[in-house]
$ cat target.pdb   # PDB, C-alpha atoms, pLDDT in the B column
ATOM      1  CA  PHE A   1      -9.673  -1.310   7.757  1.00 96.00           C
ATOM      2  CA  VAL A   2      -6.923   0.790   9.298  1.00 97.00           C
ATOM      3  CA  LEU A   3      -5.640   0.312  12.827  1.00 97.00           C
ATOM      4  CA  HIS A   4      -3.259   2.818  14.383  1.00 97.00           C
ATOM      5  CA  TYR A   5      -1.821   2.363  17.837  1.00 96.00           C
ATOM      6  CA  VAL A   6       0.677   3.955  20.202  1.00 97.00           C
ATOM      7  CA  TRP A   7       1.925   1.852  23.115  1.00 95.00           C
ATOM      8  CA  GLN A   8       4.078   3.194  25.928  1.00 93.00           C
ATOM      9  CA  LEU A   9       5.935   0.051  26.994  1.00 87.00           C
ATOM     10  CA  PRO A  10       6.100  -0.654  30.735  1.00 86.00           C
ATOM     11  CA  SER A  11       9.443  -0.059  32.439  1.00 83.00           C
ATOM     12  CA  PRO A  12      11.153  -0.853  35.750  1.00 81.00           C
ATOM     13  CA  LYS A  13      10.555   1.685  38.518  1.00 79.00           C
ATOM     14  CA  SER A  14      14.184   2.535  39.353  1.00 77.00           C
ATOM     15  CA  GLY A  15      17.868   1.724  38.884  1.00 78.00           C
ATOM     16  CA  ALA A  16      20.026   1.075  35.861  1.00 78.00           C
ATOM     17  CA  MET A  17      17.402  -1.228  34.322  1.00 79.00           C
ATOM     18  CA  ARG A  18      14.985   1.719  34.193  1.00 77.00           C
ATOM     19  CA  TYR A  19      17.535   3.706  32.188  1.00 75.00           C
ATOM     20  CA  LEU A  20      18.013   0.815  29.711  1.00 77.00           C
ATOM     21  CA  LEU A  21      14.495  -0.610  29.526  1.00 81.00           C
ATOM     22  CA  GLY A  22      12.402   2.470  30.319  1.00 82.00           C
ATOM     23  CA  GLY A  23      11.143   5.126  27.957  1.00 84.00           C
ATOM     24  CA  TRP A  24      10.364   2.841  25.012  1.00 92.00           C
ATOM     25  CA  GLN A  25       7.323   3.467  22.848  1.00 94.00           C
ATOM     26  CA  SER A  26       5.968   1.452  19.947  1.00 95.00           C
ATOM     27  CA  SER A  27       3.496   2.597  17.322  1.00 97.00           C
ATOM     28  CA  GLY A  28       2.151   1.137  14.148  1.00 97.00           C
ATOM     29  CA  ILE A  29      -0.308   1.412  11.306  1.00 98.00           C
ATOM     30  CA  TRP A  30      -1.968  -1.799  10.088  1.00 97.00           C
ATOM     31  CA  ASN A  31      -3.765  -1.320   6.778  1.00 96.00           C
ATOM     32  CA  TRP A  32      -6.063  -3.849   5.115  1.00 96.00           C
ATOM     33  CA  GLN A  33      -7.684  -2.731   1.853  1.00 94.00           C
ATOM     34  CA  SER A  34      -9.747  -4.406  -0.778  1.00 93.00           C
ATOM     35  CA  GLY A  35      -8.682  -3.534  -4.299  1.00 92.00           C
ATOM     36  CA  PHE A  36      -9.435  -0.248  -5.993  1.00 94.00           C
ATOM     37  CA  PRO A  37     -12.101  -0.132  -8.723  1.00 95.00           C
ATOM     38  CA  LEU A  38     -10.861  -0.554 -12.291  1.00 95.00           C
ATOM     39  CA  SER A  39     -12.269   0.698 -15.578  1.00 95.00           C
ATOM     40  CA  VAL A  40     -11.134  -0.879 -18.837  1.00 96.00           C
ATOM     41  CA  TYR A  41     -10.192   1.522 -21.629  1.00 95.00           C
ATOM     42  CA  SER A  42      -9.774   0.883 -25.338  1.00 93.00           C
ATOM     43  CA  GLY A  43      -6.580   2.939 -25.651  1.00 89.00           C
ATOM     44  CA  VAL A  44      -7.845   4.307 -28.973  1.00 88.00           C
ATOM     45  CA  ASP A  45      -9.790   7.523 -29.588  1.00 88.00           C
ATOM     46  CA  ASN A  46     -12.542   5.966 -31.722  1.00 86.00           C
ATOM     47  CA  SER A  47     -15.162   8.399 -30.360  1.00 87.00           C
ATOM     48  CA  GLY A  48     -13.411  11.360 -32.000  1.00 84.00           C
ATOM     49  CA  SER A  49     -13.536  13.303 -28.737  1.00 83.00           C
ATOM     50  CA  PHE A  50      -9.742  13.841 -28.678  1.00 79.00           C
ATOM     51  CA  VAL A  51      -9.802  13.009 -24.956  1.00 76.00           C
ATOM     52  CA  GLY A  52      -8.295   9.537 -25.391  1.00 72.00           C
ATOM     53  CA  SER A  53     -10.125   7.788 -22.562  1.00 82.00           C
ATOM     54  CA  ASP A  54     -12.766   5.819 -24.430  1.00 91.00           C
ATOM     55  CA  LEU A  55     -13.989   2.789 -22.534  1.00 94.00           C
ATOM     56  CA  ALA A  56     -13.574  -0.627 -24.132  1.00 95.00           C
ATOM     57  CA  ASP A  57     -16.462  -2.561 -25.635  1.00 95.00           C
ATOM     58  CA  LEU A  58     -17.767  -5.333 -23.403  1.00 94.00           C
ATOM     59  CA  VAL A  59     -17.870  -8.626 -25.329  1.00 94.00           C
ATOM     60  CA  SER A  60     -18.774 -10.994 -22.456  1.00 94.00           C
ATOM     61  CA  SER A  61     -19.158 -10.913 -18.694  1.00 92.00           C
ATOM     62  CA  PRO A  62     -15.703 -10.233 -17.170  1.00 92.00           C
ATOM     63  CA  SER A  63     -14.340 -11.994 -14.107  1.00 92.00           C
ATOM     64  CA  LEU A  64     -11.173 -12.021 -12.045  1.00 91.00           C
ATOM     65  CA  THR A  65      -8.674 -14.787 -12.815  1.00 89.00           C
ATOM     66  CA  SER A  66      -8.389 -17.639 -10.341  1.00 89.00           C
ATOM     67  CA  GLY A  67      -5.294 -19.710  -9.677  1.00 89.00           C
ATOM     68  CA  SER A  68      -1.905 -19.071  -8.181  1.00 92.00           C
ATOM     69  CA  ARG A  69      -0.521 -15.610  -7.460  1.00 91.00           C
ATOM     70  CA  SER A  70       1.789 -15.777 -10.489  1.00 93.00           C
ATOM     71  CA  GLN A  71      -1.166 -16.699 -12.722  1.00 93.00           C
ATOM     72  CA  LYS A  72      -3.102 -13.723 -11.375  1.00 94.00           C
ATOM     73  CA  ILE A  73      -0.145 -11.387 -11.989  1.00 94.00           C
ATOM     74  CA  ALA A  74       0.166 -12.634 -15.584  1.00 95.00           C
ATOM     75  CA  ARG A  75      -3.591 -12.154 -16.196  1.00 95.00           C
ATOM     76  CA  TRP A  76      -5.617 -10.391 -13.495  1.00 96.00           C
ATOM     77  CA  PHE A  77      -8.962 -10.608 -15.326  1.00 95.00           C
ATOM     78  CA  THR A  78     -10.481 -12.263 -18.390  1.00 94.00           C
ATOM     79  CA  THR A  79      -9.008 -10.065 -21.108  1.00 94.00           C
ATOM     80  CA  GLU A  80     -11.074 -11.721 -23.867  1.00 95.00           C
ATOM     81  CA  SER A  81     -14.154 -10.050 -22.330  1.00 95.00           C
ATOM     82  CA  PHE A  82     -13.072  -6.694 -23.822  1.00 96.00           C
ATOM     83  CA  ASP A  83     -12.377  -5.262 -27.261  1.00 95.00           C
ATOM     84  CA  ILE A  84     -11.478  -1.859 -28.713  1.00 94.00           C
ATOM     85  CA  ASN A  85     -14.594   0.327 -28.912  1.00 93.00           C
ATOM     86  CA  ALA A  86     -16.413   0.604 -32.230  1.00 91.00           C
ATOM     87  CA  PRO A  87     -15.785   3.770 -34.300  1.00 92.00           C
ATOM     88  CA  GLY A  88     -18.069   6.647 -33.294  1.00 89.00           C
ATOM     89  CA  THR A  89     -18.795   5.215 -29.805  1.00 91.00           C
ATOM     90  CA  PHE A  90     -17.456   5.749 -26.301  1.00 92.00           C
ATOM     91  CA  GLY A  91     -17.400   2.020 -25.470  1.00 91.00           C
ATOM     92  CA  THR A  92     -19.955  -0.246 -23.814  1.00 92.00           C
ATOM     93  CA  SER A  93     -18.128  -1.367 -20.674  1.00 94.00           C
ATOM     94  CA  GLY A  94     -19.048   0.476 -17.518  1.00 90.00           C
ATOM     95  CA  ARG A  95     -16.780   2.427 -15.220  1.00 93.00           C
ATOM     96  CA  ASN A  96     -15.249   0.616 -12.236  1.00 95.00           C
ATOM     97  CA  ILE A  97     -16.552  -2.821 -13.228  1.00 95.00           C
ATOM     98  CA  LEU A  98     -13.496  -4.725 -11.927  1.00 95.00           C
ATOM     99  CA  THR A  99     -11.442  -4.637  -8.732  1.00 95.00           C
ATOM    100  CA  GLY A 100      -7.658  -4.451  -8.471  1.00 95.00           C
ATOM    101  CA  PRO A 101      -5.497  -6.360  -5.986  1.00 95.00           C
ATOM    102  CA  GLY A 102      -6.021  -5.722  -2.285  1.00 94.00           C
ATOM    103  CA  THR A 103      -3.270  -4.833   0.157  1.00 93.00           C
ATOM    104  CA  PHE A 104      -2.143  -5.750   3.634  1.00 94.00           C
ATOM    105  CA  ASN A 105       0.587  -3.514   4.994  1.00 96.00           C
ATOM    106  CA  ILE A 106       2.131  -2.883   8.405  1.00 97.00           C
ATOM    107  CA  ASP A 107       4.254   0.163   9.260  1.00 97.00           C
ATOM    108  CA  LEU A 108       6.000   0.063  12.647  1.00 97.00           C
ATOM    109  CA  SER A 109       8.128   2.369  14.740  1.00 97.00           C
ATOM    110  CA  VAL A 110      10.040   2.049  17.992  1.00 96.00           C
ATOM    111  CA  VAL A 111      11.164   5.122  19.912  1.00 96.00           C
ATOM    112  CA  LYS A 112      13.447   5.354  22.979  1.00 94.00           C
ATOM    113  CA  GLY A 113      13.683   8.605  24.901  1.00 89.00           C
ATOM    114  CA  PHE A 114      16.801   9.615  26.867  1.00 88.00           C
ATOM    115  CA  ARG A 115      16.320  12.529  29.295  1.00 86.00           C
ATOM    116  CA  ILE A 116      19.105  15.108  29.091  1.00 89.00           C
ATOM    117  CA  GLY A 117      18.222  17.543  31.811  1.00 88.00           C
ATOM    118  CA  GLU A 118      14.844  18.824  32.842  1.00 89.00           C
ATOM    119  CA  ARG A 119      13.466  20.000  29.498  1.00 93.00           C
ATOM    120  CA  VAL A 120      15.537  18.194  26.874  1.00 94.00           C
ATOM    121  CA  THR A 121      15.074  14.644  25.554  1.00 91.00           C
ATOM    122  CA  LEU A 122      17.080  12.808  22.910  1.00 93.00           C
ATOM    123  CA  GLN A 123      14.995  10.286  20.972  1.00 93.00           C
ATOM    124  CA  TYR A 124      16.291   7.287  19.064  1.00 95.00           C
ATOM    125  CA  ARG A 125      13.781   6.297  16.373  1.00 96.00           C
ATOM    126  CA  LEU A 126      13.557   3.131  14.277  1.00 97.00           C
ATOM    127  CA  GLU A 127      10.861   3.165  11.602  1.00 97.00           C
ATOM    128  CA  LEU A 128       9.903   0.319   9.273  1.00 97.00           C
ATOM    129  CA  PHE A 129       7.589   0.908   6.337  1.00 97.00           C
ATOM    130  CA  ASN A 130       6.110  -2.314   4.891  1.00 96.00           C
ATOM    131  CA  ALA A 131       7.713  -3.984   7.907  1.00 96.00           C
ATOM    132  CA  PHE A 132       7.125  -7.602   6.834  1.00 94.00           C
ATOM    133  CA  ASN A 133       8.082  -6.898   3.201  1.00 94.00           C
ATOM    134  CA  HIS A 134       4.814  -8.119   1.689  1.00 89.00           C
ATOM    135  CA  THR A 135       4.621  -7.637  -2.056  1.00 92.00           C
ATOM    136  CA  LEU A 136       2.019  -4.932  -2.597  1.00 93.00           C
ATOM    137  CA  LEU A 137       0.877  -5.202  -6.195  1.00 95.00           C
ATOM    138  CA  ASN A 138      -0.176  -2.207  -8.281  1.00 96.00           C
ATOM    139  CA  ASN A 139      -3.233  -2.329 -10.517  1.00 96.00           C
ATOM    140  CA  PRO A 140      -3.076  -4.236 -13.816  1.00 97.00           C
ATOM    141  CA  ASP A 141      -2.817  -2.509 -17.185  1.00 96.00           C
ATOM    142  CA  THR A 142      -6.385  -1.744 -18.272  1.00 96.00           C
ATOM    143  CA  SER A 143      -5.805  -0.539 -21.835  1.00 95.00           C
ATOM    144  CA  VAL A 144      -6.960  -3.054 -24.485  1.00 95.00           C
ATOM    145  CA  SER A 145      -4.485  -1.717 -27.061  1.00 93.00           C
ATOM    146  CA  SER A 146      -1.504  -2.232 -24.715  1.00 93.00           C
ATOM    147  CA  GLY A 147       0.826  -5.214 -25.019  1.00 93.00           C
ATOM    148  CA  SER A 148       0.560  -5.778 -21.260  1.00 96.00           C
ATOM    149  CA  PHE A 149      -3.264  -5.626 -21.137  1.00 96.00           C
ATOM    150  CA  GLY A 150      -4.561  -7.418 -18.027  1.00 95.00           C
ATOM    151  CA  LYS A 151      -1.073  -7.942 -16.547  1.00 96.00           C
ATOM    152  CA  ILE A 152       0.311  -6.526 -13.326  1.00 96.00           C
ATOM    153  CA  VAL A 153       3.695  -5.119 -14.263  1.00 96.00           C
ATOM    154  CA  SER A 154       4.736  -3.295 -11.081  1.00 96.00           C
ATOM    155  CA  ALA A 155       4.556  -3.304  -7.299  1.00 95.00           C
ATOM    156  CA  ARG A 156       4.816  -0.713  -4.550  1.00 94.00           C
ATOM    157  CA  ASP A 157       7.941  -0.057  -2.531  1.00 93.00           C
ATOM    158  CA  PRO A 158       9.540  -2.946  -0.633  1.00 94.00           C
ATOM    159  CA  ARG A 159      10.447  -2.641   3.048  1.00 96.00           C
ATOM    160  CA  ILE A 160      12.074   0.674   3.923  1.00 97.00           C
ATOM    161  CA  ILE A 161      13.953   1.083   7.218  1.00 97.00           C
ATOM    162  CA  GLN A 162      15.132   4.370   8.630  1.00 97.00           C
ATOM    163  CA  MET A 163      16.795   5.374  11.894  1.00 98.00           C
ATOM    164  CA  ALA A 164      17.074   8.837  13.358  1.00 97.00           C
ATOM    165  CA  LEU A 165      18.057  10.838  16.394  1.00 97.00           C
ATOM    166  CA  ARG A 166      15.687  13.618  17.402  1.00 94.00           C
ATOM    167  CA  LEU A 167      16.367  16.306  19.974  1.00 94.00           C
ATOM    168  CA  VAL A 168      13.174  17.478  21.725  1.00 92.00           C
ATOM    169  CA  PHE A 169      13.439  20.694  23.766  1.00 92.00           C
TER     170      PHE A 169
END

$ encode --input "target.pdb" --output "structure tokens"
Amino acid sequence: FVLHYVWQLPSPKSGAMRYLLGGWQSSGIWNWQSGFPLSVYSGVDNSGSFVGSDLADLVSSPSLTSGSRSQKIARWFTTESFDINAPGTFGTSGRNILTGPGTFNIDLSVVKGFRIGERVTLQYRLELFNAFNHTLLNNPDTSVSSGSFGKIVSARDPRIIQMALRLVF
């Protein structure tokens, strides 16, 4: 689900307060996503195809790990459900059989316009990406032959703030 809004904030009708409190605009993008589909790979070219993306063999029914967030980061899914594919095969696990971590992110901006004559406006802009600094986890390592198999080893960018002046004419 993605929600985008632009809100022209109400302002006083006249006087000095209109100059200070008028002309403000807020906008934002709220993004809720379930996780992306994951395929588990063996990390070994046992099929002899020289492509290097053989799927892993499925040993048992896989499931996502339950528990605390740190437990899920250390082991996102049941890694013992997979093994390196048998020689001469492409692997028995299906594509996109697991789901990665979901995300909740809010990007915000606040803009104030200052009129400089009839056709010129100076804008002050404040933009916040990942405004509330939620940790947005990347997908876990899905290669059975990797030392970090099943672990989430990285995250997306933390909060980024930028300010700018923009001359509109």

$ atom_distance --input "target.pdb" --atom1 "atom CA of Asp107 of chain A" --atom2 "atom CA of Ala164 of chain A"
16.0 Å

$ closest_atom_pairs --input "target.pdb" --of "segment 70-164 of chain A" --to "segment 2-7 of chain A" --cutoff "10 Å" --atoms "all atoms listed in the file" --output "Markdown table"
| residue | atom | partner | partner_atom | distance |
| --- | --- | --- | --- | --- |
| A:Phe104 | CA | A:Val2 | CA | 9.9 |
| A:Asn105 | CA | A:Val2 | CA | 9.7 |
| A:Ile106 | CA | A:Leu3 | CA | 9.5 |
| A:Asp107 | CA | A:His4 | CA | 9.5 |
| A:Leu108 | CA | A:Tyr5 | CA | 9.7 |
| A:Ser109 | CA | A:Val6 | CA | 9.4 |
| A:Val110 | CA | A:Trp7 | CA | 9.6 |

$ resolve_selection --input "target.pdb" --expression "the PyMOL selection byres ((chain A and resi 46-60) around 12)" --output "VMD selection string"
chain A and resid 38 to 45 61 to 63 78 to 97 142 to 145 149

$ residues_around --input "target.pdb" --residues "segment 117-131 of chain A" --least-positions-apart "5" --cutoff "12 Å" --atoms "only C-alpha atoms" --output "count of residues only"
34

$ axis_aligned_box --input "target.pdb" --around "segment 19-22 of chain A" --padding-each-side "4 Å" --output "AutoDock Vina command-line options"
--center_x 15.2 --center_y 1.5 --center_z 30.9 --size_x 13.6 --size_y 12.3 --size_z 10.7

$ residues_near_point --input "target.pdb" --point "(-6.2, -11.5, -11.3)" --cutoff "6 Å" --atoms "all atoms listed in the file" --output "list in words"
Leu64, Thr65, Lys72, Arg75, Trp76 and Phe77 of chain A

$ write_last_selection --input "target.pdb" --atoms "C-alpha atoms" --output "PDB file, keeping the file's coordinate frame"
ATOM      1  CA  LEU A  64     -11.173 -12.021 -12.045  1.00 91.00           C
ATOM      2  CA  THR A  65      -8.674 -14.787 -12.815  1.00 89.00           C
ATOM      3  CA  LYS A  72      -3.102 -13.723 -11.375  1.00 94.00           C
ATOM      4  CA  ARG A  75      -3.591 -12.154 -16.196  1.00 95.00           C
ATOM      5  CA  TRP A  76      -5.617 -10.391 -13.495  1.00 96.00           C
ATOM      6  CA  PHE A  77      -8.962 -10.608 -15.326  1.00 95.00           C
TER       7      PHE A  77
END

$ closest_residue --input "target.pdb" --among "A:Pro101, A:His134, A:Ser14, A:Trp32" --to "Ile73 of chain A" --atoms "only C-alpha atoms"
A:Pro101

$ build_atoms --input "target.pdb" --residues "segment 63-91 of chain A" --atoms "N, CA and C atoms" --output "JSON list (two decimals), in the coordinates of the input"
[["chain", "number", "residue", "atom", "x", "y", "z"],
["A", 63, "SER", "N", -14.54, -11.46, -15.46],
["A", 63, "SER", "CA", -14.34, -11.99, -14.11],
["A", 63, "SER", "C", -12.85, -11.93, -13.78],
["A", 64, "LEU", "N", -12.57, -11.99, -12.48],
["A", 64, "LEU", "CA", -11.17, -12.02, -12.04],
["A", 64, "LEU", "C", -10.61, -13.41, -12.27],
["A", 65, "THR", "N", -9.32, -13.51, -12.57],
["A", 65, "THR", "CA", -8.67, -14.79, -12.82],
["A", 65, "THR", "C", -8.47, -15.52, -11.50],
["A", 66, "SER", "N", -8.68, -16.82, -11.52],
["A", 66, "SER", "CA", -8.39, -17.64, -10.34],
["A", 66, "SER", "C", -7.07, -18.37, -10.58],
["A", 67, "GLY", "N", -6.55, -18.99, -9.55],
["A", 67, "GLY", "CA", -5.29, -19.71, -9.68],
["A", 67, "GLY", "C", -4.26, -19.17, -8.73],
["A", 68, "SER", "N", -3.01, -19.49, -9.04],
["A", 68, "SER", "CA", -1.90, -19.07, -8.18],
["A", 68, "SER", "C", -1.66, -17.57, -8.32],
["A", 69, "ARG", "N", -0.85, -17.04, -7.42],
["A", 69, "ARG", "CA", -0.52, -15.61, -7.46],
["A", 69, "ARG", "C", 0.17, -15.25, -8.77],
["A", 70, "SER", "N", 1.08, -16.09, -9.24],
["A", 70, "SER", "CA", 1.79, -15.78, -10.49],
["A", 70, "SER", "C", 0.83, -15.81, -11.68],
["A", 71, "GLN", "N", -0.17, -16.68, -11.65],
["A", 71, "GLN", "CA", -1.17, -16.70, -12.72],
["A", 71, "GLN", "C", -2.01, -15.43, -12.70],
["A", 72, "LYS", "N", -2.32, -14.96, -11.49],
["A", 72, "LYS", "CA", -3.10, -13.72, -11.38],
["A", 72, "LYS", "C", -2.29, -12.51, -11.82],
["A", 73, "ILE", "N", -1.00, -12.50, -11.55],
["A", 73, "ILE", "CA", -0.14, -11.39, -11.99],
["A", 73, "ILE", "C", -0.05, -11.37, -13.52],
["A", 74, "ALA", "N", 0.05, -12.53, -14.13],
["A", 74, "ALA", "CA", 0.17, -12.63, -15.58],
["A", 74, "ALA", "C", -1.15, -12.27, -16.29],
["A", 75, "ARG", "N", -2.28, -12.45, -15.60],
["A", 75, "ARG", "CA", -3.59, -12.15, -16.20],
["A", 75, "ARG", "C", -4.59, -11.95, -15.07],
["A", 76, "TRP", "N", -4.78, -10.70, -14.65],
["A", 76, "TRP", "CA", -5.62, -10.39, -13.50],
["A", 76, "TRP", "C", -7.10, -10.64, -13.76],
["A", 77, "PHE", "N", -7.54, -10.41, -14.98],
["A", 77, "PHE", "CA", -8.96, -10.61, -15.33],
["A", 77, "PHE", "C", -9.06, -11.22, -16.72],
["A", 78, "THR", "N", -10.26, -11.63, -17.09],
["A", 78, "THR", "CA", -10.48, -12.26, -18.39],
["A", 78, "THR", "C", -10.40, -11.19, -19.49],
["A", 79, "THR", "N", -9.25, -11.12, -20.11],
["A", 79, "THR", "CA", -9.01, -10.06, -21.11],
["A", 79, "THR", "C", -9.85, -10.24, -22.37],
["A", 80, "GLU", "N", -10.27, -11.48, -22.67],
["A", 80, "GLU", "CA", -11.07, -11.72, -23.87],
["A", 80, "GLU", "C", -12.49, -11.15, -23.73],
["A", 81, "SER", "N", -12.84, -10.66, -22.55],
["A", 81, "SER", "CA", -14.15, -10.05, -22.33],
["A", 81, "SER", "C", -14.23, -8.62, -22.87],
["A", 82, "PHE", "N", -13.11, -8.09, -23.38],
["A", 82, "PHE", "CA", -13.07, -6.69, -23.82],
["A", 82, "PHE", "C", -12.48, -6.59, -25.22],
["A", 83, "ASP", "N", -12.91, -5.55, -25.93],
["A", 83, "ASP", "CA", -12.38, -5.26, -27.26],
["A", 83, "ASP", "C", -12.32, -3.74, -27.43],
["A", 84, "ILE", "N", -11.56, -3.29, -28.43],
["A", 84, "ILE", "CA", -11.48, -1.86, -28.71],
["A", 84, "ILE", "C", -12.86, -1.37, -29.12],
["A", 85, "ASN", "N", -13.25, -0.18, -28.63],
["A", 85, "ASN", "CA", -14.59, 0.33, -28.91],
["A", 85, "ASN", "C", -14.80, 0.57, -30.40],
["A", 86, "ALA", "N", -16.06, 0.42, -30.82],
["A", 86, "ALA", "CA", -16.41, 0.60, -32.23],
["A", 86, "ALA", "C", -16.27, 2.08, -32.61],
["A", 87, "PRO", "N", -15.91, 2.37, -33.87],
["A", 87, "PRO", "CA", -15.78, 3.77, -34.30],
["A", 87, "PRO", "C", -17.08, 4.55, -34.06],
["A", 88, "GLY", "N", -16.92, 5.78, -33.55],
["A", 88, "GLY", "CA", -18.07, 6.65, -33.29],
["A", 88, "GLY", "C", -18.77, 6.39, -31.96],
["A", 89, "THR", "N", -18.18, 5.51, -31.11],
["A", 89, "THR", "CA", -18.80, 5.22, -29.80],
["A", 89, "THR", "C", -17.78, 5.48, -28.69],
["A", 90, "PHE", "N", -18.30, 5.55, -27.48],
["A", 90, "PHE", "CA", -17.46, 5.75, -26.30],
["A", 90, "PHE", "C", -17.15, 4.45, -25.58],
["A", 91, "GLY", "N", -17.62, 3.32, -26.10],
["A", 91, "GLY", "CA", -17.40, 2.02, -25.47],
["A", 91, "GLY", "C", -18.60, 1.60, -24.64]]
